[in-house]
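Raw contents of model.txt, compact mmCIF, C-alpha atoms and all ligand atoms:
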```txt
# COMPACT_ATOMS: atom_id res chain seq x y z
CA MET W 1 -50.84 -33.89 -22.03
CA TYR W 2 -53.65 -31.48 -22.83
CA LEU W 3 -55.26 -31.16 -26.21
CA THR W 4 -53.47 -27.90 -26.88
CA ASP W 5 -50.10 -29.64 -26.46
CA TYR W 6 -50.46 -31.92 -29.47
CA PRO W 7 -48.16 -30.96 -32.31
CA ILE W 8 -50.88 -31.04 -34.96
CA ASP W 9 -52.81 -28.12 -36.29
CA ASN W 10 -55.71 -26.70 -34.36
CA VAL W 11 -58.39 -27.58 -36.90
CA SER W 12 -57.44 -31.29 -36.93
CA ILE W 13 -57.65 -31.38 -33.15
CA SER W 14 -61.06 -29.71 -33.19
CA LEU W 15 -62.28 -32.14 -35.83
CA CYS W 16 -61.27 -35.01 -33.53
CA ILE W 17 -63.17 -33.43 -30.67
CA ILE W 18 -66.31 -32.67 -32.63
CA SER W 19 -66.44 -36.18 -34.11
CA ASN W 20 -66.03 -37.59 -30.64
CA VAL W 21 -68.81 -40.01 -29.86
CA PHE W 22 -68.96 -40.73 -26.17
CA LYS W 23 -71.03 -42.85 -23.86
CA ILE W 24 -72.83 -42.11 -20.64
CA GLY W 25 -73.45 -45.58 -19.27
CA ASN W 26 -75.22 -47.40 -22.07
CA LEU W 27 -76.26 -44.18 -23.84
CA THR W 28 -74.20 -43.20 -26.89
CA LEU W 29 -74.11 -39.49 -27.76
CA ASN W 30 -73.42 -38.66 -31.39
CA SER W 31 -72.01 -35.21 -30.71
CA PRO W 32 -70.21 -33.60 -27.78
CA LEU W 33 -72.57 -30.58 -27.85
CA LEU W 34 -75.46 -30.84 -25.38
CA LEU W 35 -78.28 -28.54 -24.33
CA ALA W 36 -77.83 -27.73 -20.62
CA PRO W 37 -80.78 -27.85 -18.22
CA MET W 38 -82.32 -24.44 -17.57
CA ALA W 39 -85.20 -23.85 -15.15
CA GLY W 40 -88.00 -21.91 -16.80
CA ILE W 41 -86.48 -22.52 -20.24
CA THR W 42 -85.86 -26.14 -21.26
CA ASP W 43 -89.46 -27.25 -21.45
CA LEU W 44 -90.72 -29.60 -24.17
CA PRO W 45 -91.41 -26.88 -26.81
CA TYR W 46 -87.97 -25.37 -26.36
CA ARG W 47 -86.20 -28.72 -26.51
CA MET W 48 -88.10 -29.65 -29.67
CA THR W 49 -87.15 -26.30 -31.21
CA VAL W 50 -83.45 -26.83 -30.50
CA ARG W 51 -83.13 -30.54 -31.33
CA PRO W 52 -83.14 -30.25 -35.14
CA PHE W 53 -80.06 -28.02 -34.85
CA GLY W 54 -78.00 -30.88 -33.49
CA CYS W 55 -77.86 -31.04 -29.69
CA SER W 56 -77.06 -34.62 -28.78
CA LEU W 57 -78.75 -34.66 -25.37
CA ALA W 58 -81.25 -32.36 -23.68
CA PHE W 59 -82.62 -32.14 -20.17
CA THR W 60 -85.89 -31.29 -18.53
CA GLU W 61 -85.95 -28.26 -16.27
CA MET W 62 -84.87 -29.25 -12.78
CA VAL W 63 -87.75 -30.91 -10.96
CA SER W 64 -88.05 -30.83 -7.20
CA THR W 65 -88.35 -34.30 -5.71
CA ASN W 66 -90.79 -32.88 -3.14
CA SER W 67 -93.16 -31.89 -5.95
CA LEU W 68 -92.66 -35.09 -7.92
CA ALA W 69 -93.23 -37.20 -4.81
CA TYR W 70 -96.70 -35.64 -4.59
CA LYS W 71 -97.23 -35.64 -8.36
CA SER W 72 -97.84 -31.90 -8.39
CA LYS W 73 -99.31 -30.60 -11.64
CA ASN W 74 -96.26 -28.43 -12.17
CA ALA W 75 -93.83 -31.34 -11.72
CA LEU W 76 -95.82 -33.58 -14.05
CA GLN W 77 -95.80 -30.87 -16.72
CA MET W 78 -92.03 -30.48 -16.34
CA ILE W 79 -91.45 -34.16 -17.08
CA CYS W 80 -93.70 -34.15 -20.17
CA SER W 81 -92.04 -35.43 -23.29
CA GLN W 82 -92.79 -37.05 -26.66
CA PRO W 83 -91.12 -39.89 -28.59
CA GLU W 84 -89.01 -37.53 -30.75
CA ASP W 85 -87.69 -35.76 -27.66
CA ARG W 86 -84.75 -38.13 -27.15
CA PRO W 87 -82.14 -38.61 -25.84
CA LEU W 88 -83.50 -36.90 -22.75
CA GLY W 89 -82.25 -36.56 -19.19
CA VAL W 90 -84.54 -35.72 -16.29
CA GLN W 91 -82.93 -33.54 -13.66
CA LEU W 92 -83.92 -34.00 -10.02
CA LEU W 93 -83.39 -31.54 -7.19
CA GLY W 94 -83.80 -32.72 -3.63
CA ASP W 95 -82.06 -33.69 -0.43
CA ASP W 96 -84.11 -36.20 1.49
CA ASP W 97 -84.19 -39.92 0.86
CA ASP W 98 -87.92 -40.26 1.27
CA SER W 99 -88.95 -37.74 -1.39
CA ILE W 100 -86.20 -38.97 -3.71
CA LEU W 101 -87.46 -42.54 -3.48
CA ARG W 102 -91.07 -41.51 -3.94
CA SER W 103 -90.24 -39.35 -6.93
CA LEU W 104 -88.33 -42.26 -8.50
CA GLU W 105 -91.46 -44.36 -8.10
CA ASN W 106 -93.51 -41.67 -9.86
CA LEU W 107 -91.04 -41.19 -12.69
CA PRO W 108 -91.97 -42.85 -16.00
CA HIS W 109 -88.47 -44.28 -16.49
CA ASN W 110 -89.04 -45.28 -20.11
CA ARG W 111 -89.43 -41.59 -21.03
CA PHE W 112 -85.82 -40.81 -20.14
CA ASP W 113 -82.30 -41.90 -21.03
CA LEU W 114 -80.67 -40.80 -17.80
CA ILE W 115 -81.35 -39.29 -14.40
CA ASP W 116 -79.27 -36.26 -13.49
CA PHE W 117 -79.04 -35.07 -9.91
CA ASN W 118 -78.66 -31.35 -9.26
CA ALA W 119 -75.90 -30.31 -6.85
CA ALA W 120 -75.34 -27.01 -8.63
CA CYS W 121 -78.36 -24.74 -8.19
CA PRO W 122 -77.10 -21.52 -6.53
CA VAL W 123 -80.48 -19.93 -5.75
CA ASN W 124 -80.63 -18.81 -2.10
CA LYS W 125 -83.81 -20.58 -1.08
CA VAL W 126 -82.40 -23.83 -2.51
CA ALA W 127 -78.68 -23.78 -1.71
CA THR W 128 -78.89 -22.35 1.80
CA LYS W 129 -81.32 -25.14 2.70
CA GLY W 130 -78.80 -27.80 1.76
CA ARG W 131 -80.16 -28.62 -1.70
CA GLY W 132 -78.58 -27.93 -5.10
CA ALA W 133 -75.13 -26.39 -4.63
CA GLY W 134 -75.71 -26.58 -0.86
CA LEU W 135 -74.91 -30.29 -1.11
CA LEU W 136 -71.34 -29.44 -2.15
CA LYS W 137 -70.79 -28.60 1.51
CA ASP W 138 -71.71 -32.15 2.49
CA PRO W 139 -70.03 -34.55 0.02
CA GLU W 140 -70.84 -37.55 2.21
CA LYS W 141 -74.55 -36.85 2.11
CA LEU W 142 -74.34 -36.29 -1.63
CA HIS W 143 -72.57 -39.63 -2.05
CA GLY W 144 -75.39 -41.34 -0.12
CA ILE W 145 -78.09 -39.70 -2.25
CA LEU W 146 -76.39 -40.73 -5.47
CA LYS W 147 -76.05 -44.32 -4.24
CA LEU W 148 -79.72 -44.32 -3.36
CA ILE W 149 -80.69 -43.19 -6.85
CA VAL W 150 -78.27 -45.62 -8.52
CA ASN W 151 -79.73 -48.49 -6.48
CA ASN W 152 -83.27 -47.61 -7.43
CA THR W 153 -83.11 -47.15 -11.18
CA ASP W 154 -81.76 -48.97 -14.22
CA LEU W 155 -81.06 -45.67 -15.97
CA PRO W 156 -77.56 -44.16 -15.93
CA VAL W 157 -77.28 -41.65 -13.09
CA THR W 158 -75.27 -38.44 -13.54
CA ILE W 159 -74.58 -35.40 -11.41
CA LYS W 160 -74.40 -31.67 -12.06
CA ILE W 161 -71.98 -29.83 -9.80
CA ARG W 162 -70.28 -26.47 -9.52
CA SER W 163 -66.60 -25.83 -8.76
CA GLY W 164 -67.44 -25.60 -5.06
CA TRP W 165 -69.36 -23.48 -2.58
CA ASP W 166 -67.00 -20.50 -2.77
CA SER W 167 -63.41 -19.70 -3.73
CA THR W 168 -62.12 -20.92 -0.35
CA SER W 169 -63.83 -24.30 -0.64
CA VAL W 170 -63.36 -25.49 -4.22
CA ASN W 171 -63.95 -29.25 -3.99
CA ALA W 172 -65.31 -30.27 -7.39
CA ALA W 173 -62.64 -32.95 -7.92
CA GLU W 174 -63.33 -34.55 -4.55
CA VAL W 175 -67.10 -34.46 -5.17
CA ALA W 176 -66.67 -35.84 -8.69
CA LYS W 177 -64.54 -38.79 -7.47
CA SER W 178 -67.04 -39.52 -4.75
CA ALA W 179 -69.88 -39.40 -7.30
CA GLN W 180 -68.02 -41.81 -9.54
CA ASP W 181 -67.56 -44.18 -6.59
CA ALA W 182 -71.29 -43.95 -5.88
CA GLY W 183 -71.97 -45.14 -9.43
CA ALA W 184 -72.45 -41.89 -11.40
CA LYS W 185 -71.81 -42.32 -15.10
CA CYS W 186 -70.98 -38.73 -16.03
CA ILE W 187 -70.05 -35.48 -14.30
CA PHE W 188 -71.64 -32.27 -15.54
CA ILE W 189 -69.76 -29.31 -14.15
CA HIS W 190 -70.46 -25.61 -14.26
CA GLY W 191 -67.02 -24.13 -13.67
CA ARG W 192 -68.13 -21.40 -11.28
CA THR W 193 -68.58 -21.53 -7.51
CA ARG W 194 -71.96 -21.17 -5.88
CA ALA W 195 -70.86 -17.76 -4.59
CA GLN W 196 -70.25 -16.60 -8.15
CA LYS W 197 -73.73 -17.62 -9.27
CA TYR W 198 -73.53 -16.59 -12.95
CA LYS W 199 -71.05 -13.75 -12.54
CA GLY W 200 -67.34 -13.59 -13.27
CA LYS W 201 -65.55 -15.88 -15.65
CA VAL W 202 -65.81 -19.64 -15.75
CA ASP W 203 -62.71 -21.29 -14.28
CA TYR W 204 -61.25 -23.71 -16.80
CA ASP W 205 -58.68 -24.99 -14.28
CA HIS W 206 -61.39 -26.33 -11.98
CA ILE W 207 -62.91 -28.30 -14.84
CA ARG W 208 -59.54 -29.59 -16.03
CA VAL W 209 -58.73 -30.91 -12.56
CA VAL W 210 -62.08 -32.71 -12.43
CA LYS W 211 -61.45 -34.26 -15.84
CA LYS W 212 -58.10 -35.58 -14.61
CA SER W 213 -59.64 -36.95 -11.42
CA VAL W 214 -62.24 -39.30 -12.85
CA SER W 215 -62.48 -41.92 -15.56
CA ILE W 216 -66.14 -41.27 -16.44
CA PRO W 217 -66.96 -38.55 -19.01
CA VAL W 218 -66.92 -34.92 -17.93
CA VAL W 219 -69.22 -32.43 -19.63
CA ALA W 220 -68.45 -28.78 -18.98
CA SER W 221 -70.55 -25.67 -18.95
CA GLY W 222 -69.91 -22.01 -18.39
CA ASP W 223 -69.65 -19.15 -20.87
CA GLY W 224 -70.40 -21.37 -23.88
CA LEU W 225 -71.68 -18.30 -25.64
CA SER W 226 -70.01 -18.52 -29.04
CA PRO W 227 -68.20 -21.09 -31.20
CA TYR W 228 -64.90 -19.50 -30.12
CA LEU W 229 -65.66 -19.86 -26.42
CA ILE W 230 -66.96 -23.41 -26.79
CA LYS W 231 -63.81 -24.45 -28.60
CA ARG W 232 -61.79 -22.76 -25.89
CA MET W 233 -63.64 -24.83 -23.26
CA PHE W 234 -62.61 -28.06 -25.03
CA ASP W 235 -59.04 -26.87 -25.54
CA GLN W 236 -58.49 -25.62 -22.00
CA THR W 237 -60.15 -28.42 -20.08
CA GLY W 238 -59.96 -31.62 -22.14
CA CYS W 239 -63.67 -32.14 -21.37
CA ASP W 240 -65.63 -34.77 -23.29
CA GLY W 241 -68.56 -32.49 -24.07
CA VAL W 242 -69.91 -29.01 -23.58
CA ALA W 243 -73.44 -28.33 -22.29
CA ILE W 244 -74.61 -25.07 -23.84
CA ALA W 245 -76.96 -22.91 -21.76
CA ARG W 246 -77.31 -19.13 -22.16
CA GLY W 247 -75.60 -19.21 -25.55
CA ALA W 248 -78.52 -21.19 -26.97
CA LEU W 249 -81.23 -18.79 -25.77
CA GLY W 250 -82.91 -17.66 -28.96
CA ASN W 251 -79.88 -19.03 -30.77
CA PRO W 252 -80.12 -22.74 -31.65
CA TRP W 253 -77.77 -21.95 -34.58
CA LEU W 254 -74.93 -22.00 -32.08
CA PHE W 255 -74.91 -25.82 -32.35
CA PRO W 256 -74.27 -26.15 -36.11
CA GLU W 257 -72.08 -23.03 -36.15
CA THR W 258 -69.82 -24.53 -33.49
CA VAL W 259 -69.58 -27.82 -35.38
CA GLU W 260 -68.63 -25.93 -38.54
CA TYR W 261 -66.11 -23.76 -36.72
CA MET W 262 -64.46 -26.76 -35.10
CA LYS W 263 -64.30 -28.61 -38.41
CA THR W 264 -63.03 -25.76 -40.57
CA GLY W 265 -61.84 -22.95 -38.33
CA ILE W 266 -64.46 -20.67 -39.89
CA VAL W 267 -67.69 -19.47 -38.26
CA PRO W 268 -70.37 -19.64 -40.95
CA PRO W 269 -72.59 -16.62 -41.71
CA ARG W 270 -75.34 -16.03 -39.18
CA PRO W 271 -78.85 -17.15 -40.19
CA GLY W 272 -80.89 -14.73 -42.25
CA ILE W 273 -84.03 -13.14 -40.84
CA GLU W 274 -86.24 -15.55 -42.80
CA GLU W 275 -84.77 -18.54 -40.96
CA VAL W 276 -84.85 -16.76 -37.62
CA THR W 277 -88.52 -15.81 -37.94
CA GLN W 278 -89.47 -19.28 -39.22
CA THR W 279 -87.91 -20.80 -36.11
CA MET W 280 -89.68 -18.25 -33.90
CA ARG W 281 -93.07 -19.11 -35.42
CA LYS W 282 -92.52 -22.84 -34.88
CA HIS W 283 -91.41 -22.23 -31.30
CA LEU W 284 -94.40 -20.01 -30.55
CA LEU W 285 -96.87 -22.56 -31.98
CA ALA W 286 -95.23 -25.35 -29.98
CA ASN W 287 -95.53 -23.22 -26.83
CA ILE W 288 -99.22 -22.63 -27.46
CA GLU W 289 -99.86 -26.29 -28.14
CA PHE W 290 -98.10 -27.20 -24.91
CA SER W 291 -99.36 -24.52 -22.52
CA GLY W 292 -102.47 -23.08 -24.19
CA GLU W 293 -102.68 -19.68 -25.88
CA MET W 294 -102.36 -17.38 -22.87
CA PHE W 295 -99.48 -19.11 -21.08
CA GLY W 296 -97.83 -20.15 -24.36
CA VAL W 297 -97.66 -16.53 -25.52
CA ILE W 298 -96.59 -15.21 -22.12
CA ARG W 299 -93.81 -17.78 -21.94
CA PHE W 300 -92.71 -16.89 -25.46
CA ARG W 301 -92.27 -13.15 -24.69
CA LYS W 302 -88.82 -13.60 -23.18
CA PHE W 303 -87.76 -15.81 -26.08
CA TYR W 304 -88.75 -13.06 -28.53
CA GLY W 305 -86.23 -10.87 -26.73
CA TRP W 306 -83.54 -13.53 -27.03
CA TYR W 307 -84.21 -14.27 -30.71
CA VAL W 308 -83.70 -10.59 -31.60
CA ARG W 309 -80.44 -10.24 -29.65
CA GLY W 310 -77.91 -8.51 -31.88
CA LEU W 311 -80.59 -7.28 -34.27
CA PRO W 312 -81.64 -3.64 -34.48
CA ALA W 313 -85.03 -4.42 -32.93
CA ARG W 314 -85.07 -3.01 -29.41
CA GLU W 315 -88.40 -1.28 -29.85
CA LEU W 316 -90.03 -4.46 -31.21
CA LYS W 317 -88.67 -6.46 -28.30
CA ILE W 318 -90.25 -4.07 -25.81
CA ARG W 319 -93.62 -4.14 -27.59
CA ALA W 320 -93.58 -7.95 -27.84
CA PHE W 321 -93.42 -8.10 -24.06
CA PHE W 322 -96.98 -6.79 -23.85
CA LYS W 323 -98.59 -9.18 -26.34
CA ASN W 324 -101.18 -11.65 -25.09
CA THR W 325 -102.58 -13.57 -28.04
CA LYS W 326 -101.23 -15.81 -30.75
CA ASP W 327 -102.27 -13.37 -33.50
CA GLU W 328 -100.61 -10.43 -31.77
CA MET W 329 -97.37 -12.32 -31.24
CA MET W 330 -97.38 -13.68 -34.80
CA ALA W 331 -97.83 -10.10 -36.03
CA MET W 332 -94.77 -9.07 -33.97
CA ILE W 333 -92.75 -11.80 -35.68
CA ASP W 334 -93.97 -10.65 -39.11
CA GLU W 335 -93.05 -7.09 -38.21
CA LEU W 336 -89.58 -8.23 -37.18
CA TYR W 337 -89.18 -9.92 -40.54
CA ASP W 338 -90.22 -6.80 -42.48
CA HIS W 339 -88.10 -4.53 -40.32
CA VAL W 340 -84.85 -6.48 -40.58
CA HIS W 341 -85.44 -7.65 -44.16
CA ASN W 342 -85.71 -4.03 -45.26
CA LEU W 343 -82.51 -3.13 -43.46
CA ASP W 344 -80.70 -6.05 -45.09
CA HIS W 345 -77.79 -6.14 -42.67
CA THR W 346 -78.66 -8.93 -40.26
CA ARG W 347 -75.36 -10.68 -40.57
CA ASP W 348 -73.08 -7.75 -39.89
CA LEU W 349 -74.87 -6.98 -36.70
CA THR W 350 -75.03 -10.47 -35.28
CA VAL W 351 -71.58 -11.96 -35.71
CA TYR W 352 -70.03 -13.31 -32.56
CA ALA W 353 -67.16 -11.36 -31.12
CA PRO W 354 -63.96 -13.36 -31.60
CA ILE W 355 -61.94 -13.89 -28.44
CA THR W 356 -59.27 -11.28 -28.01
CA SER W 357 -57.83 -12.19 -24.63
C1 LIG N 1 -82.05 -19.30 -16.66
C2 LIG N 1 -81.15 -20.44 -16.24
C3 LIG N 1 -81.67 -21.53 -15.62
C4 LIG N 1 -80.84 -22.59 -15.22
N1 LIG N 1 -81.39 -23.69 -14.65
C5 LIG N 1 -80.61 -24.76 -14.38
C6 LIG N 1 -81.18 -25.96 -13.90
O1 LIG N 1 -82.40 -26.08 -13.72
N2 LIG N 1 -80.34 -27.00 -13.65
C7 LIG N 1 -78.99 -26.90 -13.84
O2 LIG N 1 -78.27 -27.86 -13.61
N3 LIG N 1 -78.43 -25.78 -14.31
C8 LIG N 1 -79.21 -24.72 -14.59
N4 LIG N 1 -78.65 -23.59 -15.11
C9 LIG N 1 -77.19 -23.55 -15.33
C10 LIG N 1 -76.83 -23.93 -16.75
O3 LIG N 1 -77.19 -25.27 -17.02
C11 LIG N 1 -75.32 -23.74 -17.01
O4 LIG N 1 -74.61 -24.65 -16.23
C12 LIG N 1 -74.85 -22.33 -16.68
O5 LIG N 1 -75.75 -21.37 -17.20
C13 LIG N 1 -73.45 -22.07 -17.22
O6 LIG N 1 -73.43 -22.09 -18.60
P1 LIG N 1 -73.42 -20.72 -19.48
O7 LIG N 1 -72.43 -19.77 -18.81
O8 LIG N 1 -72.99 -21.20 -20.82
O9 LIG N 1 -74.79 -20.17 -19.43
C14 LIG N 1 -79.45 -22.52 -15.47
C15 LIG N 1 -78.92 -21.40 -16.11
C16 LIG N 1 -79.76 -20.37 -16.50
C17 LIG N 1 -79.16 -19.17 -17.20
```
Show me, as structure tokens, the structure contained in the file I just sent.
Ligand SMILES: Cc1cc2nc3c(=O)[nH]c(=O)nc-3n(C[C@H](O)[C@H](O)[C@H](O)COP(=O)(O)O)c2cc1C
Amino acid sequence: MYLTDYPIDNVSISLCIISNVFKIGNLTLNSPLLLAPMAGITDLPYRMTVRPFGCSLAFTEMVSTNSLAYKSKNALQMICSQPEDRPLGVQLLGDDDDSILRSLENLPHNRFDLIDFNAACPVNKVATKGRGAGLLKDPEKLHGILKLIVNNTDLPVTIKIRSGWDSTSVNAAEVAKSAQDAGAKCIFIHGRTRAQKYKGKVDYDHIRVVKKSVSIPVVASGDGLSPYLIKRMFDQTGCDGVAIARGALGNPWLFPETVEYMKTGIVPPRPGIEEVTQTMRKHLLANIEFSGEMFGVIRFRKFYGWYVRGLPARELKIRAFFKNTKDEMMAMIDELYDHVHNLDHTRDLTVYAPITS
């Protein structure tokens, strides 16, 4: 029986889901809403910006085991954290036993709550070389890699998969069962094939089949762009949690808004421009502290664009992309505040579109 089949009203069901505390190995998550790993995005400043809004688990960007094995500067920066940045999963990308073992040796295990292994990355130079989603073509090899990681860490090991390589080779359920047998404690699934990359719609059926195939928790991702779509993911798949990715870009409010929607059936008003710009300032300062002024500001440019999504601020977004210093970027945030505050119609322009089909 799926959640939608229960003869109780929709809001009560959603309340059950949102209050659902679940465990990944020995790690207890206090909410089923997680922040998905995103390369180039989920660095320490971004995670610390999103955490106060209620994500129950966050991940590092995916880190190549080749780089971590050699302690490259880039890899070491990617696994940076701080005590408040918990619970935290580190996500590894690799395909050879040697670099995986060496990267496990170099990993400060006490900094993390779990190790996630990436078998989902669709990027050509990764997947066509048998890493990331490329491993979906070789479930046996993937099983061996997971066993190797499980045998060499005390942390819970999890896996991120896609539905399959392409529509003719959907094998997520088989891969998930094999991962469970290898000792994985949770399946994270993006319900698209590698061939789809990020296009087309997420396939709820693929996720539902995975959920029915394993006894460990299943956390879904794909099109979690609004409270309506996140609720639909729970309803259609029976998943234990949803990992939010693109929906949270410049929009950490999606976490509390989804909780509210699932508790009451009502999406609360969108944040006012004061709250949005306050969050932007904090995020920018955290970026600068982490990466220095030049790189911190450069890295923040794209976030500026995401924070203003849905606001009448196209021209500001374009100008922000050329700013280089803290003062210049802060001035762009102040200008955004003045611009939208004077218009006084933030909320009308930024409501999520309810699902119509
Ligand atoms: C910019 C970007 C970077 C991503 N990087 C990773 C990654 O490093 N590891 C991973 O497992 N998934 C990665 N993903 C996939 C997301 O975690 C998520 O599964 C996917 O975006 C589907 O969710 P969405 O449709 O809600 O965005 C990335 C997605 C985006 C948009």
Compare W:Ala133, W:Ala119, W:Ala75, W:Val219 by their minimum atom-to-atom distance to Ala179 in chain W, counting only C-alpha atoms, and give me the closest one.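 The answer is W:Ala119, which sits nearest to Ala179 in chain W.
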Between W:Lys231, W:Thr237, W:Glu315, W:Thr42, which has the minimum distance to Val259 in chain W (counting all atoms listed in the file)? W:Lys231
Calculated over all atoms listed in the file, which of the candidates W:Asp166, W:Asp116, W:Asp138, W:Glu61 has the smallest distance to Lys185 in chain W? W:Asp116
Can you work out which residues are within 10 Å of ligand LIG 1 (chain N), considering only C-alpha atoms and all ligand atoms, and then hand them over as number ranges by chain? W: 35-42, 59-64, 91-93, 116-123, 132-133, 159-162, 188-192, 197-202, 220-226, 229-230, 242-249
Would you output that residue set with C-alpha atoms, as a CSV table (one decimal), keeping the file's coordinate frame?
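Written out: selection_31.csv:
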```csv
chain,number,residue,atom,x,y,z
W,35,LEU,CA,-78.3,-28.5,-24.3
W,36,ALA,CA,-77.8,-27.7,-20.6
W,37,PRO,CA,-80.8,-27.8,-18.2
W,38,MET,CA,-82.3,-24.4,-17.6
W,39,ALA,CA,-85.2,-23.8,-15.2
W,40,GLY,CA,-88.0,-21.9,-16.8
W,41,ILE,CA,-86.5,-22.5,-20.2
W,42,THR,CA,-85.9,-26.1,-21.3
W,59,PHE,CA,-82.6,-32.1,-20.2
W,60,THR,CA,-85.9,-31.3,-18.5
W,61,GLU,CA,-86.0,-28.3,-16.3
W,62,MET,CA,-84.9,-29.2,-12.8
W,63,VAL,CA,-87.8,-30.9,-11.0
W,64,SER,CA,-88.0,-30.8,-7.2
W,91,GLN,CA,-82.9,-33.5,-13.7
W,92,LEU,CA,-83.9,-34.0,-10.0
W,93,LEU,CA,-83.4,-31.5,-7.2
W,116,ASP,CA,-79.3,-36.3,-13.5
W,117,PHE,CA,-79.0,-35.1,-9.9
W,118,ASN,CA,-78.7,-31.4,-9.3
W,119,ALA,CA,-75.9,-30.3,-6.8
W,120,ALA,CA,-75.3,-27.0,-8.6
W,121,CYS,CA,-78.4,-24.7,-8.2
W,122,PRO,CA,-77.1,-21.5,-6.5
W,123,VAL,CA,-80.5,-19.9,-5.8
W,132,GLY,CA,-78.6,-27.9,-5.1
W,133,ALA,CA,-75.1,-26.4,-4.6
W,159,ILE,CA,-74.6,-35.4,-11.4
W,160,LYS,CA,-74.4,-31.7,-12.1
W,161,ILE,CA,-72.0,-29.8,-9.8
W,162,ARG,CA,-70.3,-26.5,-9.5
W,188,PHE,CA,-71.6,-32.3,-15.5
W,189,ILE,CA,-69.8,-29.3,-14.2
W,190,HIS,CA,-70.5,-25.6,-14.3
W,191,GLY,CA,-67.0,-24.1,-13.7
W,192,ARG,CA,-68.1,-21.4,-11.3
W,197,LYS,CA,-73.7,-17.6,-9.3
W,198,TYR,CA,-73.5,-16.6,-13.0
W,199,LYS,CA,-71.0,-13.8,-12.5
W,200,GLY,CA,-67.3,-13.6,-13.3
W,201,LYS,CA,-65.6,-15.9,-15.6
W,202,VAL,CA,-65.8,-19.6,-15.8
W,220,ALA,CA,-68.4,-28.8,-19.0
W,221,SER,CA,-70.6,-25.7,-19.0
W,222,GLY,CA,-69.9,-22.0,-18.4
W,223,ASP,CA,-69.6,-19.2,-20.9
W,224,GLY,CA,-70.4,-21.4,-23.9
W,225,LEU,CA,-71.7,-18.3,-25.6
W,226,SER,CA,-70.0,-18.5,-29.0
W,229,LEU,CA,-65.7,-19.9,-26.4
W,230,ILE,CA,-67.0,-23.4,-26.8
W,242,VAL,CA,-69.9,-29.0,-23.6
W,243,ALA,CA,-73.4,-28.3,-22.3
W,244,ILE,CA,-74.6,-25.1,-23.8
W,245,ALA,CA,-77.0,-22.9,-21.8
W,246,ARG,CA,-77.3,-19.1,-22.2
W,247,GLY,CA,-75.6,-19.2,-25.6
W,248,ALA,CA,-78.5,-21.2,-27.0
W,249,LEU,CA,-81.2,-18.8,-25.8
```
Could you work out how far CA of Pro139 in chain W lies from CA of Val175 in chain W, giving the answer in Å with one decimal?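 That distance, rounded to one decimal, is 6.0 Å.
Relative to CA of Leu155 in chain W, CA of Val214 in chain W is found at 20.1 Å.
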The centre and edge lengths of an axis-aligned box containing all atoms of range 57-71 of chain W present in the file, extended by 6 Å on each side, are to be given in Å to one decimal, as AutoDock Vina command-line options.
```
--center_x -88.0 --center_y -32.7 --center_z -14.3 --size_x 30.5 --size_y 20.9 --size_z 34.2
```
May I ask for the distance between CA of Ser12 in chain W and CA of Ser31 in chain W, given in Å to one decimal place?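 CA of Ser31 in chain W lies 16.3 Å from CA of Ser12 in chain W.
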Minimum-distance residue to Tyr46 in chain W, chosen among W:Gly250, W:Pro268, W:Pro108, W:Gly130 (using all atoms listed in the file):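 Looking only at the distances to Tyr46 in chain W, the closest residue turns out to be W:Gly250.
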Which of these, W:Asp235, W:Glu105, W:Glu140, W:Asp113, has the shortest distance to Ile17 in chain W once you count all atoms listed in the file? W:Asp235
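Proximity to Asp327 in chain W was assessed for W:Phe290, W:Ile18, W:Leu285, W:Ala127 counting all atoms listed in the file; the smallest distance is recorded for W:Leu285.
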Completed range 13-21 of chain W (N, CA and C atoms) as a PDB file, in the frame of the given file:
```pdb
ATOM      1  N   ILE W  13     -57.306 -31.019 -34.527  1.00  0.00           N
ATOM      2  CA  ILE W  13     -57.650 -31.380 -33.150  1.00  0.00           C
ATOM      3  C   ILE W  13     -59.139 -31.176 -32.937  1.00  0.00           C
ATOM      4  N   SER W  14     -59.648 -30.017 -33.417  1.00  0.00           N
ATOM      5  CA  SER W  14     -61.060 -29.710 -33.190  1.00  0.00           C
ATOM      6  C   SER W  14     -61.943 -30.714 -33.904  1.00  0.00           C
ATOM      7  N   LEU W  15     -61.511 -31.153 -35.078  1.00  0.00           N
ATOM      8  CA  LEU W  15     -62.280 -32.140 -35.830  1.00  0.00           C
ATOM      9  C   LEU W  15     -62.379 -33.433 -35.025  1.00  0.00           C
ATOM     10  N   CYS W  16     -61.262 -33.815 -34.393  1.00  0.00           N
ATOM     11  CA  CYS W  16     -61.270 -35.010 -33.530  1.00  0.00           C
ATOM     12  C   CYS W  16     -62.296 -34.842 -32.434  1.00  0.00           C
ATOM     13  N   ILE W  17     -62.276 -33.643 -31.817  1.00  0.00           N
ATOM     14  CA  ILE W  17     -63.170 -33.430 -30.670  1.00  0.00           C
ATOM     15  C   ILE W  17     -64.623 -33.490 -31.122  1.00  0.00           C
ATOM     16  N   ILE W  18     -64.920 -32.807 -32.229  1.00  0.00           N
ATOM     17  CA  ILE W  18     -66.310 -32.670 -32.630  1.00  0.00           C
ATOM     18  C   ILE W  18     -66.859 -34.003 -33.156  1.00  0.00           C
ATOM     19  N   SER W  19     -65.972 -34.873 -33.653  1.00  0.00           N
ATOM     20  CA  SER W  19     -66.440 -36.180 -34.110  1.00  0.00           C
ATOM     21  C   SER W  19     -66.491 -37.178 -32.957  1.00  0.00           C
ATOM     22  N   ASN W  20     -66.109 -36.693 -31.780  1.00  0.00           N
ATOM     23  CA  ASN W  20     -66.030 -37.590 -30.640  1.00  0.00           C
ATOM     24  C   ASN W  20     -67.418 -38.099 -30.220  1.00  0.00           C
ATOM     25  N   VAL W  21     -67.578 -39.408 -30.339  1.00  0.00           N
ATOM     26  CA  VAL W  21     -68.810 -40.010 -29.860  1.00  0.00           C
ATOM     27  C   VAL W  21     -68.494 -40.520 -28.458  1.00  0.00           C
TER      28      VAL W  21
END
```
